[in-house]
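For reference, upload.txt is printed below; it contains compact mmCIF, C-alpha atoms.
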```txt
# COMPACT_ATOMS: atom_id res chain seq x y z
CA ALA F 1159 0.00 0.00 0.00
CA ARG F 1160 2.83 2.40 0.85
CA ALA F 1161 4.55 1.51 -2.44
CA LEU F 1162 1.42 2.65 -4.28
CA GLY F 1163 1.01 5.88 -2.31
CA ALA F 1164 -1.33 4.96 0.56
CA GLU F 1165 -0.74 5.30 4.26
CA GLY F 1166 0.30 1.99 5.77
CA ALA F 1167 -2.08 2.35 8.72
CA ASP F 1168 -5.03 2.70 6.33
CA ALA F 1169 -4.21 -0.70 4.85
CA VAL F 1170 -4.20 -2.66 8.13
CA PRO F 1171 -7.89 -3.72 7.88
CA TRP F 1172 -7.31 -4.81 4.30
CA ALA F 1173 -4.18 -6.74 5.30
CA ALA F 1174 -6.17 -8.46 8.06
CA ALA F 1175 -8.92 -9.33 5.59
CA CYS F 1176 -6.43 -10.92 3.17
CA GLU F 1177 -4.77 -12.91 5.97
CA LEU F 1178 -8.10 -14.14 7.33
CA PHE F 1179 -9.28 -15.18 3.89
CA HIS F 1180 -6.04 -17.02 3.10
CA ASN F 1181 -6.12 -18.96 6.37
CA ALA F 1182 -9.75 -19.89 5.78
CA THR F 1183 -8.72 -21.56 2.54
CA LEU F 1184 -5.97 -23.46 4.38
CA VAL F 1185 -8.39 -24.75 7.04
CA HIS F 1186 -10.73 -26.07 4.37
CA ASP F 1187 -7.85 -27.36 2.23
CA ASP F 1188 -6.57 -29.48 5.12
CA VAL F 1189 -10.02 -31.04 5.53
CA GLN F 1190 -10.24 -31.82 1.81
CA ASP F 1191 -6.72 -33.25 1.59
CA GLY F 1192 -6.75 -35.09 4.92
CA ASP F 1193 -3.57 -33.35 6.09
CA ARG F 1194 -3.08 -33.75 9.83
CA THR F 1195 -0.15 -31.34 10.20
CA ARG F 1196 0.44 -27.76 9.02
CA ARG F 1197 3.27 -25.44 10.06
CA GLY F 1198 4.48 -28.13 12.42
CA GLN F 1199 1.21 -28.20 14.38
CA PRO F 1200 -1.92 -30.39 14.26
CA THR F 1201 -4.43 -29.07 11.76
CA LEU F 1202 -7.76 -27.80 13.09
CA TRP F 1203 -9.74 -30.79 11.89
CA ALA F 1204 -7.19 -33.20 13.40
CA ARG F 1205 -7.44 -31.42 16.75
CA TYR F 1206 -11.14 -30.54 16.94
CA GLY F 1207 -12.84 -32.64 14.25
CA VAL F 1208 -14.05 -31.89 10.75
CA PRO F 1209 -17.35 -30.16 11.69
CA GLN F 1210 -15.64 -27.57 13.91
CA ALA F 1211 -12.87 -27.02 11.36
CA ILE F 1212 -15.52 -26.27 8.74
CA ASN F 1213 -17.18 -23.84 11.14
CA CYS F 1214 -13.87 -22.10 11.77
CA GLY F 1215 -13.12 -21.85 8.06
CA ASP F 1216 -16.60 -20.49 7.39
CA LEU F 1217 -16.16 -17.81 10.03
CA MET F 1218 -12.78 -16.85 8.59
CA LEU F 1219 -14.42 -16.38 5.20
CA ILE F 1220 -17.03 -14.05 6.69
CA ALA F 1221 -14.71 -12.06 8.98
CA PRO F 1222 -12.77 -10.36 6.15
CA PHE F 1223 -15.90 -8.57 5.00
CA ALA F 1224 -16.37 -7.22 8.53
CA ALA F 1225 -12.72 -6.12 8.61
CA VAL F 1226 -13.18 -3.83 5.60
CA GLY F 1227 -16.74 -2.79 6.41
CA HIS F 1228 -15.83 0.64 7.76
CA GLY F 1229 -15.07 3.87 5.97
CA PRO F 1230 -16.52 5.37 2.79
CA ALA F 1231 -19.25 3.19 1.31
CA ALA F 1232 -17.78 3.20 -2.21
CA ARG F 1233 -14.38 2.06 -0.96
CA CYS F 1234 -15.90 -0.70 1.19
CA ALA F 1235 -17.94 -1.94 -1.76
CA ALA F 1236 -14.89 -1.97 -4.03
CA LEU F 1237 -12.83 -3.96 -1.50
CA CYS F 1238 -15.66 -6.43 -0.88
CA MET F 1239 -16.07 -7.02 -4.61
CA THR F 1240 -12.32 -7.50 -4.94
CA MET F 1241 -12.44 -10.23 -2.29
CA ALA F 1242 -15.48 -11.85 -3.88
CA ARG F 1243 -13.97 -11.97 -7.38
CA HIS F 1244 -10.59 -13.29 -6.35
CA GLY F 1245 -12.09 -15.63 -3.77
CA ALA F 1246 -14.23 -17.23 -6.46
CA GLN F 1247 -11.09 -17.66 -8.57
CA VAL F 1248 -9.32 -19.47 -5.72
CA VAL F 1249 -12.28 -21.80 -5.12
CA ALA F 1250 -12.48 -22.59 -8.84
CA GLY F 1251 -8.80 -23.50 -8.81
CA GLN F 1252 -9.25 -25.76 -5.81
CA ALA F 1253 -12.22 -27.46 -7.44
CA ALA F 1254 -10.18 -27.96 -10.61
CA GLU F 1255 -7.33 -29.53 -8.62
CA LEU F 1256 -9.72 -32.08 -7.12
CA ARG F 1257 -11.12 -32.86 -10.56
CA VAL F 1258 -7.67 -33.18 -12.13
CA GLY F 1259 -6.61 -35.53 -9.35
CA ALA F 1260 -9.72 -37.69 -9.66
CA GLU F 1261 -9.36 -37.94 -13.44
CA GLN F 1262 -5.54 -38.27 -13.26
CA GLU F 1263 -5.10 -35.55 -15.87
CA THR F 1264 -1.37 -34.88 -16.19
CA SER F 1265 -1.00 -32.34 -19.00
CA VAL F 1266 1.14 -29.28 -18.40
CA ALA F 1267 -1.73 -27.06 -19.52
CA ALA F 1268 -4.11 -28.54 -16.95
CA TYR F 1269 -1.57 -28.18 -14.16
CA LEU F 1270 -0.74 -24.56 -15.02
CA ALA F 1271 -4.42 -23.59 -15.26
CA THR F 1272 -5.24 -25.26 -11.94
CA ALA F 1273 -2.22 -23.91 -10.05
CA THR F 1274 -2.72 -20.41 -11.40
CA GLY F 1275 -6.38 -20.43 -10.41
CA LYS F 1276 -5.68 -21.82 -6.96
CA THR F 1277 -2.92 -19.39 -5.98
CA ALA F 1278 -3.00 -16.37 -8.30
CA GLY F 1279 -6.03 -14.82 -6.62
CA LEU F 1280 -4.26 -14.84 -3.27
CA PHE F 1281 -1.33 -12.93 -4.77
CA GLU F 1282 -3.38 -10.52 -6.88
CA MET F 1283 -6.06 -9.66 -4.31
CA PRO F 1284 -3.87 -7.84 -1.74
CA VAL F 1285 -2.27 -5.72 -4.48
CA VAL F 1286 -5.57 -4.76 -6.11
CA GLY F 1287 -7.04 -3.70 -2.78
CA ALA F 1288 -3.92 -1.74 -1.84
CA ALA F 1289 -4.08 0.10 -5.16
CA LEU F 1290 -7.73 0.98 -4.57
CA LEU F 1291 -6.83 2.28 -1.10
CA ALA F 1292 -4.12 4.42 -2.70
CA GLY F 1293 -6.71 6.03 -4.98
CA HIS F 1294 -5.92 4.24 -8.22
CA GLY F 1295 -8.79 3.41 -10.55
CA ALA F 1296 -10.14 -0.09 -11.00
CA GLU F 1297 -8.37 -0.67 -14.33
CA ARG F 1298 -4.95 0.34 -13.07
CA ALA F 1299 -5.46 -1.59 -9.81
CA ALA F 1300 -6.26 -4.71 -11.84
CA ALA F 1301 -3.10 -4.22 -13.92
CA PHE F 1302 -0.97 -3.99 -10.79
CA GLY F 1303 -2.59 -7.16 -9.48
CA LEU F 1304 -1.98 -9.05 -12.74
CA ALA F 1305 1.73 -8.28 -12.46
CA PHE F 1306 1.73 -10.46 -9.32
CA ARG F 1307 -0.12 -13.37 -10.96
CA PRO F 1308 3.07 -15.22 -12.05
CA LEU F 1309 4.19 -15.12 -8.41
CA GLY F 1310 1.18 -17.24 -7.49
CA LEU F 1311 2.16 -19.92 -9.99
CA LEU F 1312 5.81 -19.65 -8.98
CA PHE F 1313 4.83 -20.12 -5.34
CA GLN F 1314 2.87 -23.28 -6.17
CA LEU F 1315 5.84 -24.72 -8.08
CA GLN F 1316 8.11 -23.91 -5.15
CA ASP F 1317 5.60 -25.50 -2.78
CA ASP F 1318 5.57 -28.70 -4.84
CA LEU F 1319 9.37 -28.89 -4.69
CA LEU F 1320 9.40 -28.13 -0.99
CA ASP F 1321 7.05 -31.03 -0.29
CA LEU F 1322 9.75 -33.44 -1.46
CA TRP F 1323 13.03 -31.65 -0.70
CA GLY F 1324 12.31 -29.22 2.11
CA ASP F 1325 10.38 -28.59 5.29
CA LYS F 1326 6.74 -27.60 4.97
CA GLY F 1327 5.90 -28.48 8.57
CA ARG F 1328 3.93 -31.53 7.43
CA GLU F 1329 4.12 -35.12 8.60
CA ALA F 1330 6.90 -36.27 6.27
CA PRO F 1331 8.37 -35.56 2.82
CA GLY F 1332 6.14 -36.73 0.00
CA ALA F 1333 2.75 -35.80 1.46
CA ASP F 1334 1.61 -34.77 -2.04
CA LEU F 1335 2.42 -38.24 -3.36
CA ARG F 1336 0.51 -39.92 -0.53
CA GLU F 1337 -2.40 -37.56 -1.13
CA GLY F 1338 -2.49 -38.49 -4.82
CA LYS F 1339 -1.86 -34.93 -5.96
CA ILE F 1340 -0.96 -34.21 -9.58
CA SER F 1341 1.95 -31.96 -8.63
CA ALA F 1342 4.38 -30.10 -10.87
CA LEU F 1343 6.87 -32.94 -10.36
CA VAL F 1344 4.37 -35.53 -11.57
CA VAL F 1345 3.51 -33.45 -14.63
CA ALA F 1346 7.15 -32.71 -15.49
CA HIS F 1347 8.23 -36.32 -15.00
CA LEU F 1348 5.50 -37.75 -17.22
CA GLU F 1349 6.26 -35.19 -19.90
CA LEU F 1350 9.88 -36.39 -19.86
CA HIS F 1351 9.14 -40.09 -19.29
CA PRO F 1352 5.63 -41.00 -20.51
CA ASP F 1353 6.37 -44.71 -20.14
CA ASP F 1354 6.35 -44.23 -16.36
CA ARG F 1355 2.69 -43.24 -16.40
CA GLY F 1356 1.31 -46.60 -15.23
CA TRP F 1357 3.73 -46.93 -12.31
CA LEU F 1358 3.38 -43.35 -11.12
CA LEU F 1359 -0.39 -43.07 -11.40
CA ALA F 1360 -0.79 -46.38 -9.59
CA LEU F 1361 1.25 -44.94 -6.73
CA LEU F 1362 -0.91 -41.81 -6.61
CA ALA F 1363 -4.11 -43.87 -6.68
CA ARG F 1364 -3.26 -45.78 -3.48
CA PRO F 1365 -5.12 -44.78 -0.32
CA ARG F 1366 -3.08 -42.29 1.67
CA ASP F 1367 -2.46 -44.60 4.63
CA GLU F 1368 -1.55 -47.53 2.37
CA THR F 1369 1.19 -45.83 0.38
CA PRO F 1370 4.51 -47.53 1.24
CA ALA F 1371 7.26 -45.20 2.42
CA ASP F 1372 9.86 -46.95 0.26
CA GLU F 1373 7.80 -46.33 -2.89
CA VAL F 1374 7.43 -42.66 -2.00
CA ALA F 1375 11.20 -42.45 -1.47
CA ALA F 1376 11.81 -44.17 -4.81
CA ALA F 1377 9.57 -41.69 -6.63
CA ILE F 1378 11.32 -38.74 -5.00
CA ALA F 1379 14.71 -40.12 -6.05
CA ARG F 1380 13.47 -40.72 -9.61
CA PHE F 1381 12.14 -37.18 -9.92
CA ALA F 1382 15.58 -35.86 -8.97
CA ALA F 1383 17.65 -38.20 -11.12
CA ALA F 1384 15.49 -38.24 -14.25
CA GLY F 1385 15.10 -34.50 -14.78
CA ALA F 1386 11.71 -33.54 -13.34
CA ARG F 1387 13.17 -31.50 -10.50
CA ALA F 1388 15.41 -29.57 -12.89
CA LYS F 1389 12.51 -28.99 -15.27
CA VAL F 1390 10.32 -27.49 -12.54
CA GLY F 1391 13.28 -25.36 -11.41
CA GLY F 1392 13.53 -24.02 -14.97
CA TRP F 1393 9.85 -23.07 -14.90
CA ILE F 1394 10.44 -21.20 -11.63
CA GLU F 1395 13.33 -19.20 -13.06
CA GLU F 1396 11.33 -18.37 -16.19
CA LEU F 1397 8.45 -17.06 -14.07
CA GLY F 1398 10.90 -15.00 -12.02
CA ARG F 1399 12.07 -13.26 -15.18
CA GLU F 1400 8.43 -12.65 -16.16
CA VAL F 1401 7.71 -10.98 -12.82
CA ARG F 1402 10.74 -8.71 -13.02
CA GLY F 1403 9.85 -7.69 -16.56
CA ALA F 1404 6.18 -6.83 -15.90
CA ALA F 1405 5.13 -3.72 -17.83
CA ALA F 1406 2.96 -2.48 -14.93
CA PHE F 1407 6.08 -1.93 -12.83
CA VAL F 1408 7.42 0.73 -15.19
CA GLU F 1409 5.07 3.27 -13.62
CA ALA F 1410 5.37 1.82 -10.12
CA PRO F 1411 9.05 1.19 -9.30
CA GLU F 1412 8.35 0.93 -5.57
CA LEU F 1413 5.85 -1.84 -6.25
CA ALA F 1414 8.48 -3.56 -8.40
CA ARG F 1415 10.73 -3.64 -5.34
CA VAL F 1416 7.93 -5.25 -3.31
CA ALA F 1417 7.52 -7.91 -5.98
CA ASP F 1418 11.26 -8.52 -6.07
CA GLU F 1419 11.42 -8.93 -2.29
CA LEU F 1420 8.50 -11.36 -2.40
CA LEU F 1421 10.13 -13.30 -5.22
CA THR F 1422 13.33 -13.63 -3.22
CA ALA F 1423 11.44 -14.76 -0.11
CA ILE F 1424 9.47 -17.40 -2.04
CA CYS F 1425 12.62 -18.86 -3.56
CA ALA F 1426 14.67 -18.85 -0.34
CA PRO F 1427 13.41 -22.25 0.95
CA ILE F 1428 14.53 -23.99 -2.26
CA ALA F 1429 17.88 -22.21 -2.64
CA HIS F 1430 19.60 -25.42 -1.54
CA LEU F 1431 18.31 -27.05 -4.74
CA GLY F 1432 20.10 -24.49 -6.88
CA PHE F 1433 16.97 -22.68 -8.05
CA GLY F 1434 16.10 -19.12 -7.29
CA ALA F 1435 15.12 -15.66 -8.40
CA ARG F 1436 17.56 -15.13 -11.25
```

What do you get writing this file as structure tokens?
Amino acid sequence: ARALGAEGADAVPWAAACELFHNATLVHDDVQDGDRTRRGQPTLWARYGVPQAINCGDLMLIAPFAAVGHGPAARCAALCMTMARHGAQVVAGQAAELRVGAEQETSVAAYLATATGKTAGLFEMPVVGAALLAGHGAERAAAFGLAFRPLGLLFQLQDDLLDLWGDKGREAPGADLREGKISALVVAHLELHPDDRGWLLALLARPRDETPADEVAAAIARFAAAGARAKVGGWIEELGREVRGAAAFVEAPELARVADELLTAICAPIAHLGFGAR
């Protein structure tokens, strides 16, 4: 918000709204995926049961609208519509991910569309609202938000790598494989080695609690040795260049610095793999 010309204090309710909304999606995501650990702690559903976790997530979807419900009516309406539009985009992406997993669709196009939908809204929404708070018109605010869209996809790619070769605060490496998720590594590997499709999809189709640890470890090793990890790393570096070259940043150099700092922070957990914001 400060980078776009607003007072930082004026953006606190909007920041709270974005944080509440994001965490609501995580609460519901953990229920859908059956994840029992997040950020090194038991997930809400694992601690209190699915019904109460759903209640908590529902409340955290409502609370953001209360957070921004003060001030000039036109500004409140614009912020609420921003949340509604981008929130619908996130839900559509999540629904697409469940469909892609159920149908075992492994095309690059399907993965990119799903990952962009699932995460892009969460990266665009804060920027659009901050621009509106700074007095920019809806069209310019949308352009600033779109410049952050590749960061959403880049984050998802980084998250997929981190699940296998990092620390996400989950039960163990390879949670995405046990969950049956069509991750970036699965997509990249099958693009490089289509003959592995039967073996890999059979692994993903196993019930979560019946997926042998040695088979998960073997898949992780194969992704590294056979090129999938490097391919996903290349996608990350390409997206980093796209972010830094966004046309919208020409008229907002301070916002470009925010994007660059965020890009660096996203890539930091996978720096040990040799990928980063280049």

For Gln1190 of chain F, list every protein, DNA or RNA residue within 12 Å, evaluated using only C-alpha atoms, and leave out those in the same chain fewer than 2 positions away; present the list as a ChimeraX atom specification. /F:1183-1188,1192-1194,1201,1203,1208,1211-1212,1252-1253,1255-1256,1337,1339

How far is it from atom CA of Gly1275 of chain F to atom CA of Gly1338 of chain F, in Å with one decimal? 19.3 Å

Let me make sure I understand: among F:Ile1394, F:Leu1362, F:Ala1386, F:Cys1234, which one has the smallest atom-to-atom distance to Thr1422 of chain F if we use only C-alpha atoms? F:Ile1394

Which value, in Å to one decimal, gives the distance between atom CA of Arg1243 of chain F and atom CA of Ala1231 of chain F? 18.3 Å

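One finds atom CA of Val1286 of chain F at 13.4 Å from atom CA of Ala1235 of chain F.
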
Which of these, F:Gly1293, F:Pro1230, F:Gly1403, F:Pro1222, has the shortest distance to Leu1162 of chain F once you count all atoms listed in the file? F:Gly1293

Spatial neighbours of Gly1303 of chain F, 6 Å, all atoms listed in the file, chain gap at least 2 places, as a PDB file with C-alpha atoms, in the frame of the given file:
```pdb
ATOM      1  CA  GLU F1282      -3.380 -10.520  -6.880  1.00  0.00           C
ATOM      2  CA  VAL F1285      -2.270  -5.720  -4.480  1.00  0.00           C
ATOM      3  CA  VAL F1286      -5.570  -4.760  -6.110  1.00  0.00           C
ATOM      4  CA  ALA F1300      -6.260  -4.710 -11.840  1.00  0.00           C
ATOM      5  CA  ALA F1301      -3.100  -4.220 -13.920  1.00  0.00           C
ATOM      6  CA  ALA F1305       1.730  -8.280 -12.460  1.00  0.00           C
ATOM      7  CA  PHE F1306       1.730 -10.460  -9.320  1.00  0.00           C
TER       8      PHE F1306
END
```

For segment 1289-1396 of chain F against segment 1261-1269 of chain F, with a cut-off of 9 Å and counting all atoms listed in the file, what is the closest atom pair and its distance in Å to one decimal for every residue that makes the cut, ordered by chain and number, as JSON lines?
```
{"residue": "F:Gly1338", "atom": "CA", "partner": "F:Gln1262", "partner_atom": "CA", "distance": 9.0}
{"residue": "F:Lys1339", "atom": "CA", "partner": "F:Gln1262", "partner_atom": "CA", "distance": 8.8}
{"residue": "F:Ile1340", "atom": "CA", "partner": "F:Thr1264", "partner_atom": "CA", "distance": 6.7}
{"residue": "F:Ser1341", "atom": "CA", "partner": "F:Tyr1269", "partner_atom": "CA", "distance": 7.6}
{"residue": "F:Ala1342", "atom": "CA", "partner": "F:Tyr1269", "partner_atom": "CA", "distance": 7.1}
{"residue": "F:Val1344", "atom": "CA", "partner": "F:Thr1264", "partner_atom": "CA", "distance": 7.4}
{"residue": "F:Val1345", "atom": "CA", "partner": "F:Thr1264", "partner_atom": "CA", "distance": 5.3}
{"residue": "F:Ala1346", "atom": "CA", "partner": "F:Val1266", "partner_atom": "CA", "distance": 7.5}
{"residue": "F:Leu1348", "atom": "CA", "partner": "F:Thr1264", "partner_atom": "CA", "distance": 7.5}
{"residue": "F:Glu1349", "atom": "CA", "partner": "F:Ser1265", "partner_atom": "CA", "distance": 7.9}
{"residue": "F:Leu1359", "atom": "CA", "partner": "F:Gln1262", "partner_atom": "CA", "distance": 7.3}
{"residue": "F:Leu1362", "atom": "CA", "partner": "F:Gln1262", "partner_atom": "CA", "distance": 8.8}
{"residue": "F:Ala1363", "atom": "CA", "partner": "F:Gln1262", "partner_atom": "CA", "distance": 8.8}
```
